[in-house]
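See structure below.
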Amino acid sequence: MKKKYDIALDELKDLLSDREGYVPSAEEINETEEALLRYAKAHAKAPPTSLRNKILGKITAIQARSANHQKLDLGNLPMLDETSSWPDWEEAVQGIEPPGEFENIHLHSLESSEKRDLFVAWVKQEVPEEVHHDILESFLILEGSCECHITDEKGSTRIVRMGQGDFITMQVGETHDIVITSLKPVKAILQWRKIAA
């Protein structure tokens, strides 16, 4: 996958070529690539410690989950929680797609029982502000990214930024809305766990 600032060798060749028909040799292209890499290394900045730790933590979690791969059965899905593996869930719902055109939110039901409702959810722009008093709402991000704006019953607010593999449970009485921050819709596993009111 190409990153934002990656330059492929053919792009480098195009940059070094001119309108008068000059085409650089493979050696010139390689020397230019090496010079760019040396420049990038000399001017590299270390990420903030908190970001570095978050990235390393996510890599460790992904490796641990991959080692404990579990094939999920759509007819008998486990409860969604903080130990849920997004690759396992992504594999389980592979092939389930939203309609070609949908307004903002599309839910595909996976289960509806006395204990919970479970969906694959796609959201293009936002989930408007809501609060639940009889369900615990949890979701696991499979694709895309978002910001959750959460206010607890005491009025304390926080913003939680989420991306692929991130999990959250909204506590009873928490007011929340979700804003999509990725160009593509967020795809998530959404669980509404029913509790006594």
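Residues in the structure tokens are named by chain (A, B, ... in the order shown) and by number from 1 within that chain; ligands are numbered from 1 in the order shown.
Excluding segment 79-82 of chain A and any residue on its chain fewer than 2 positions from it, the residues at most 10 Å away by only C-alpha atoms are Asn76, Leu77, Ser84, Ser85, Trp89, Lys115, Arg116, Leu118, Ser138, Phe139, Leu140, Gly165, Asp166, Phe167, Ile168, Thr169, Ile189, Leu190, Gln191, Trp192 and Arg193 of chain A.
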query = Do you know which residues are at most 8 Å from Ser182 of chain A counting only C-alpha atoms, after dropping those on the same chain fewer than 3 positions away, and could you put them as a ChimeraX atom specification?
reply = /A:144-146,185-186
Convert the current residue selection to file output with C-alpha atoms, as a compact mmCIF listing (two decimals), in the first residue's frame.
# COMPACT_ATOMS: atom_id res chain seq x y z
CA GLY A 144 -12.45 3.93 8.92
CA SER A 145 -12.06 6.33 11.83
CA CYS A 146 -14.23 8.53 14.03
CA PRO A 185 -17.62 5.28 5.88
CA VAL A 186 -16.86 3.66 9.20
Residues of segment 6-188 of chain A in alpha helix (DSSP H) according to DSSP, as a PyMOL selection string? chain A and resi 9-16+26-42+49-67+86-92
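The space separating atom CA of Glu103 of chain A from atom CA of Leu136 of chain A comes to 25.4 Å.
As for atom CA of Thr157 of chain A and atom CA of Asp177 of chain A, they are spaced 11.5 Å apart.
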Using only C-alpha atoms, the shortest atom-to-atom distance to Ile29 of chain A among A:Ala92, A:Leu12, A:Ile180, A:Leu51 belongs to A:Leu12
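Each of A:Ile105, A:Val160, A:Cys148, A:Val179 was compared to Glu126 of chain A using only C-alpha atoms, and A:Val179 turns out to be the nearest.
Among the candidates A:Gln94, A:Asp152, A:Ala188, A:Ser109, the residue lying nearest to Ala121 of chain A is A:Ala188 (atoms considered: only C-alpha atoms).
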Which of segment 27-195 of chain A end up as strand (DSSP E or B) when DSSP is run on this backbone - answer as a compact mmCIF listing (two decimals) with N, CA and C atoms, in the first residue's frame?
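And here is the file that came out, result-v4.txt:
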# COMPACT_ATOMS: atom_id res chain seq x y z
N ILE A 105 -26.57 6.19 7.66
CA ILE A 105 -26.33 5.01 8.49
C ILE A 105 -27.06 3.82 7.89
N HIS A 106 -26.37 2.68 7.85
CA HIS A 106 -27.01 1.43 7.43
C HIS A 106 -26.64 0.35 8.43
N LEU A 107 -27.66 -0.36 8.96
CA LEU A 107 -27.45 -1.45 9.89
C LEU A 107 -27.86 -2.76 9.25
N HIS A 108 -26.99 -3.76 9.33
CA HIS A 108 -27.30 -5.12 8.86
C HIS A 108 -27.36 -5.99 10.11
N SER A 109 -28.52 -6.53 10.43
CA SER A 109 -28.71 -7.31 11.65
C SER A 109 -27.99 -8.66 11.57
N LEU A 110 -27.23 -8.97 12.62
CA LEU A 110 -26.59 -10.26 12.77
C LEU A 110 -27.31 -11.13 13.79
N GLU A 111 -27.92 -10.48 14.79
CA GLU A 111 -28.61 -11.20 15.85
C GLU A 111 -29.58 -10.26 16.56
N SER A 112 -30.72 -10.81 16.96
CA SER A 112 -31.66 -10.10 17.81
C SER A 112 -32.22 -11.11 18.79
N ARG A 116 -29.37 -9.27 23.48
CA ARG A 116 -28.73 -8.20 22.71
C ARG A 116 -29.25 -8.14 21.28
N ASP A 117 -28.94 -6.99 20.64
CA ASP A 117 -29.06 -6.82 19.20
C ASP A 117 -27.64 -6.59 18.70
N LEU A 118 -27.31 -7.24 17.59
CA LEU A 118 -25.96 -7.16 17.05
C LEU A 118 -26.03 -6.84 15.56
N PHE A 119 -25.21 -5.91 15.11
CA PHE A 119 -25.28 -5.44 13.73
C PHE A 119 -23.88 -5.26 13.14
N VAL A 120 -23.82 -5.29 11.81
CA VAL A 120 -22.72 -4.66 11.10
C VAL A 120 -23.27 -3.28 10.76
N ALA A 121 -22.53 -2.23 11.11
CA ALA A 121 -23.00 -0.86 10.90
C ALA A 121 -22.04 -0.10 10.00
N TRP A 122 -22.62 0.68 9.11
CA TRP A 122 -21.84 1.61 8.28
C TRP A 122 -22.36 3.00 8.54
N VAL A 123 -21.46 3.95 8.73
CA VAL A 123 -21.85 5.34 8.97
C VAL A 123 -20.99 6.22 8.08
N GLU A 126 -22.13 10.91 10.47
CA GLU A 126 -22.24 11.06 11.92
C GLU A 126 -23.35 10.20 12.49
N VAL A 127 -23.25 9.98 13.79
CA VAL A 127 -24.36 9.42 14.56
C VAL A 127 -24.80 10.57 15.46
N PRO A 128 -26.05 11.05 15.28
CA PRO A 128 -26.51 12.18 16.09
C PRO A 128 -26.49 11.85 17.58
N GLU A 129 -26.51 12.90 18.39
CA GLU A 129 -26.47 12.74 19.85
C GLU A 129 -27.58 11.83 20.34
N GLU A 130 -27.21 10.91 21.24
CA GLU A 130 -28.17 9.97 21.81
C GLU A 130 -27.70 9.58 23.20
N VAL A 131 -28.63 9.02 23.98
CA VAL A 131 -28.32 8.50 25.31
C VAL A 131 -29.18 7.26 25.52
N ILE A 135 -29.75 0.00 27.63
CA ILE A 135 -28.80 -0.84 26.88
C ILE A 135 -27.37 -0.33 27.09
N LEU A 136 -26.43 -1.25 26.98
CA LEU A 136 -25.01 -0.90 26.91
C LEU A 136 -24.63 -0.98 25.44
N GLU A 137 -24.27 0.14 24.87
CA GLU A 137 -23.88 0.17 23.47
C GLU A 137 -22.37 0.04 23.35
N SER A 138 -21.94 -0.94 22.57
CA SER A 138 -20.51 -1.16 22.32
C SER A 138 -20.30 -1.25 20.82
N PHE A 139 -19.11 -0.85 20.38
CA PHE A 139 -18.78 -1.11 18.99
C PHE A 139 -17.29 -1.29 18.81
N LEU A 140 -16.98 -2.04 17.76
CA LEU A 140 -15.62 -2.39 17.38
C LEU A 140 -15.43 -1.91 15.95
N ILE A 141 -14.46 -1.03 15.73
CA ILE A 141 -14.22 -0.46 14.40
C ILE A 141 -13.49 -1.48 13.51
N LEU A 142 -14.08 -1.76 12.35
CA LEU A 142 -13.44 -2.64 11.37
C LEU A 142 -12.74 -1.84 10.28
N GLU A 143 -13.32 -0.71 9.89
CA GLU A 143 -12.74 0.14 8.85
C GLU A 143 -13.07 1.60 9.17
N CYS A 146 -13.20 7.63 13.52
CA CYS A 146 -14.23 8.53 14.03
C CYS A 146 -13.78 9.17 15.34
N GLU A 147 -14.56 10.15 15.76
CA GLU A 147 -14.41 10.76 17.07
C GLU A 147 -15.72 10.59 17.81
N CYS A 148 -15.65 10.10 19.05
CA CYS A 148 -16.83 9.96 19.90
C CYS A 148 -16.79 11.10 20.92
N HIS A 149 -17.84 11.89 20.95
CA HIS A 149 -17.96 12.97 21.93
C HIS A 149 -18.91 12.46 23.01
N ILE A 150 -18.38 12.29 24.23
CA ILE A 150 -19.11 11.61 25.30
C ILE A 150 -19.23 12.53 26.50
N THR A 151 -20.44 12.60 27.05
CA THR A 151 -20.70 13.36 28.27
C THR A 151 -21.34 12.43 29.27
N THR A 157 -17.03 15.79 30.06
CA THR A 157 -16.98 15.42 28.65
C THR A 157 -15.59 14.93 28.27
N ARG A 158 -15.56 14.09 27.25
CA ARG A 158 -14.29 13.62 26.71
C ARG A 158 -14.49 13.30 25.24
N ILE A 159 -13.40 13.32 24.50
CA ILE A 159 -13.41 12.93 23.09
C ILE A 159 -12.53 11.71 22.96
N VAL A 160 -13.06 10.66 22.33
CA VAL A 160 -12.30 9.43 22.09
C VAL A 160 -12.14 9.27 20.59
N ARG A 161 -10.90 9.28 20.13
CA ARG A 161 -10.60 9.08 18.71
C ARG A 161 -10.39 7.60 18.46
N MET A 162 -11.07 7.07 17.45
CA MET A 162 -11.04 5.63 17.22
C MET A 162 -10.71 5.31 15.77
N PHE A 167 -12.13 -0.45 20.30
CA PHE A 167 -13.38 -0.89 20.91
C PHE A 167 -13.79 0.11 21.99
N ILE A 168 -15.09 0.32 22.14
CA ILE A 168 -15.59 1.18 23.21
C ILE A 168 -16.97 0.70 23.64
N THR A 169 -17.28 0.91 24.92
CA THR A 169 -18.63 0.71 25.45
C THR A 169 -19.09 2.03 26.04
N MET A 170 -20.28 2.48 25.62
CA MET A 170 -20.89 3.67 26.20
C MET A 170 -21.65 3.23 27.45
N THR A 175 -24.35 10.55 27.34
CA THR A 175 -24.79 11.17 26.10
C THR A 175 -23.60 11.13 25.15
N HIS A 176 -23.86 10.74 23.91
CA HIS A 176 -22.76 10.63 22.96
C HIS A 176 -23.22 10.91 21.54
N ASP A 177 -22.30 11.41 20.76
CA ASP A 177 -22.48 11.50 19.31
C ASP A 177 -21.16 11.10 18.68
N ILE A 178 -21.22 10.74 17.42
CA ILE A 178 -20.03 10.23 16.73
C ILE A 178 -19.88 10.97 15.40
N VAL A 179 -18.69 11.45 15.14
CA VAL A 179 -18.38 12.15 13.89
C VAL A 179 -17.35 11.32 13.14
N ILE A 180 -17.64 11.01 11.88
CA ILE A 180 -16.72 10.22 11.07
C ILE A 180 -15.58 11.13 10.60
N VAL A 186 -17.31 4.58 8.16
CA VAL A 186 -16.86 3.66 9.20
C VAL A 186 -17.69 2.39 9.07
N LYS A 187 -17.02 1.26 9.18
CA LYS A 187 -17.68 -0.04 9.26
C LYS A 187 -17.36 -0.59 10.64
N ALA A 188 -18.40 -0.99 11.38
CA ALA A 188 -18.18 -1.45 12.75
C ALA A 188 -19.13 -2.58 13.10
N ILE A 189 -18.77 -3.33 14.11
CA ILE A 189 -19.70 -4.26 14.74
C ILE A 189 -20.32 -3.48 15.89
N LEU A 190 -21.65 -3.39 15.89
CA LEU A 190 -22.40 -2.63 16.89
C LEU A 190 -23.21 -3.60 17.73
N GLN A 191 -23.06 -3.49 19.04
CA GLN A 191 -23.80 -4.36 19.97
C GLN A 191 -24.61 -3.51 20.94
N TRP A 192 -25.90 -3.81 21.03
CA TRP A 192 -26.77 -3.21 22.03
C TRP A 192 -27.11 -4.30 23.04
N ARG A 193 -26.41 -4.31 24.16
CA ARG A 193 -26.64 -5.32 25.20
C ARG A 193 -27.76 -4.84 26.10
N LYS A 194 -28.82 -5.63 26.18
CA LYS A 194 -30.03 -5.22 26.91
C LYS A 194 -29.85 -5.47 28.41
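Shell of Glu33 of chain A at 10 Å, with only C-alpha atoms counted and residues fewer than 6 places along the chain excluded, is Ile7, Ala8, Leu9, Leu12, Glu27 and Tyr39 of chain A.
Proximity ranking of A:Ser25, A:Ser50, A:Thr60, A:Gln125 relative to Asp10 of chain A places A:Ser25 first, based on only C-alpha atoms.
The nearest approach to Val93 of chain A among the residues A:Leu36, A:Leu72, A:Ser113, A:Asp18, with only C-alpha atoms taken into account, belongs to A:Leu72.
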TODO: Within 9 Å of Val23 of chain A, counting only C-alpha atoms, which residues show up once you throw out same-chain ones fewer than 3 positions away? Write them as a list in words, please.
DONE: Lys13, Asp14, Leu16, Ser17 and Asp18 of chain A
Please, could you write that set of residues out with all heavy atoms as a PDB file, in the first residue's frame?
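For reference, part.pdb as written:
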ATOM      1  N   LYS A  13      11.719   8.676 -11.901  1.00  0.00           N
ATOM      2  CA  LYS A  13      12.204   8.755 -13.291  1.00  0.00           C
ATOM      3  C   LYS A  13      11.512   9.911 -14.018  1.00  0.00           C
ATOM      4  O   LYS A  13      12.170  10.704 -14.704  1.00  0.00           O
ATOM      5  CB  LYS A  13      11.928   7.434 -14.008  1.00  0.00           C
ATOM      6  CG  LYS A  13      12.392   7.401 -15.445  1.00  0.00           C
ATOM      7  CD  LYS A  13      12.088   6.037 -16.056  1.00  0.00           C
ATOM      8  CE  LYS A  13      12.479   6.012 -17.515  1.00  0.00           C
ATOM      9  NZ  LYS A  13      12.169   4.724 -18.143  1.00  0.00           N
ATOM     10  N   ASP A  14      10.184  10.030 -13.844  1.00  0.00           N
ATOM     11  CA  ASP A  14       9.434  11.121 -14.479  1.00  0.00           C
ATOM     12  C   ASP A  14       9.901  12.485 -13.979  1.00  0.00           C
ATOM     13  O   ASP A  14      10.031  13.440 -14.751  1.00  0.00           O
ATOM     14  CB  ASP A  14       7.932  10.972 -14.228  1.00  0.00           C
ATOM     15  CG  ASP A  14       7.324   9.801 -14.991  1.00  0.00           C
ATOM     16  OD1 ASP A  14       7.963   9.305 -15.944  1.00  0.00           O
ATOM     17  OD2 ASP A  14       6.204   9.390 -14.614  1.00  0.00           O
ATOM     18  N   LEU A  16      12.875  13.286 -12.867  1.00  0.00           N
ATOM     19  CA  LEU A  16      14.232  13.583 -13.344  1.00  0.00           C
ATOM     20  C   LEU A  16      14.314  13.772 -14.858  1.00  0.00           C
ATOM     21  O   LEU A  16      15.286  14.317 -15.369  1.00  0.00           O
ATOM     22  CB  LEU A  16      15.192  12.465 -12.909  1.00  0.00           C
ATOM     23  CG  LEU A  16      15.388  12.315 -11.400  1.00  0.00           C
ATOM     24  CD1 LEU A  16      16.223  11.083 -11.092  1.00  0.00           C
ATOM     25  CD2 LEU A  16      16.020  13.562 -10.809  1.00  0.00           C
ATOM     26  N   SER A  17      13.300  13.310 -15.566  1.00  0.00           N
ATOM     27  CA  SER A  17      13.271  13.461 -17.032  1.00  0.00           C
ATOM     28  C   SER A  17      12.940  14.908 -17.372  1.00  0.00           C
ATOM     29  O   SER A  17      12.343  15.635 -16.592  1.00  0.00           O
ATOM     30  CB  SER A  17      12.206  12.546 -17.636  1.00  0.00           C
ATOM     31  OG  SER A  17      12.487  11.196 -17.336  1.00  0.00           O
ATOM     32  N   ASP A  18      13.310  15.336 -18.561  1.00  0.00           N
ATOM     33  CA  ASP A  18      12.941  16.690 -18.986  1.00  0.00           C
ATOM     34  C   ASP A  18      12.212  16.647 -20.325  1.00  0.00           C
ATOM     35  O   ASP A  18      12.096  15.609 -20.966  1.00  0.00           O
ATOM     36  CB  ASP A  18      14.162  17.623 -19.011  1.00  0.00           C
ATOM     37  CG  ASP A  18      15.196  17.235 -20.063  1.00  0.00           C
ATOM     38  OD1 ASP A  18      14.835  16.586 -21.066  1.00  0.00           O
ATOM     39  OD2 ASP A  18      16.361  17.607 -19.884  1.00  0.00           O
TER      40      ASP A  18
END
From atom CA of His43 of chain A to atom CA of Pro24 of chain A the spacing works out at 26.4 Å
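Around His132 of chain A, within 6 Å and counting only C-alpha atoms, the residues found are Asp134, Ile135, Val172 and Gly173 of chain A, once anything fewer than 2 positions away on its own chain is removed.
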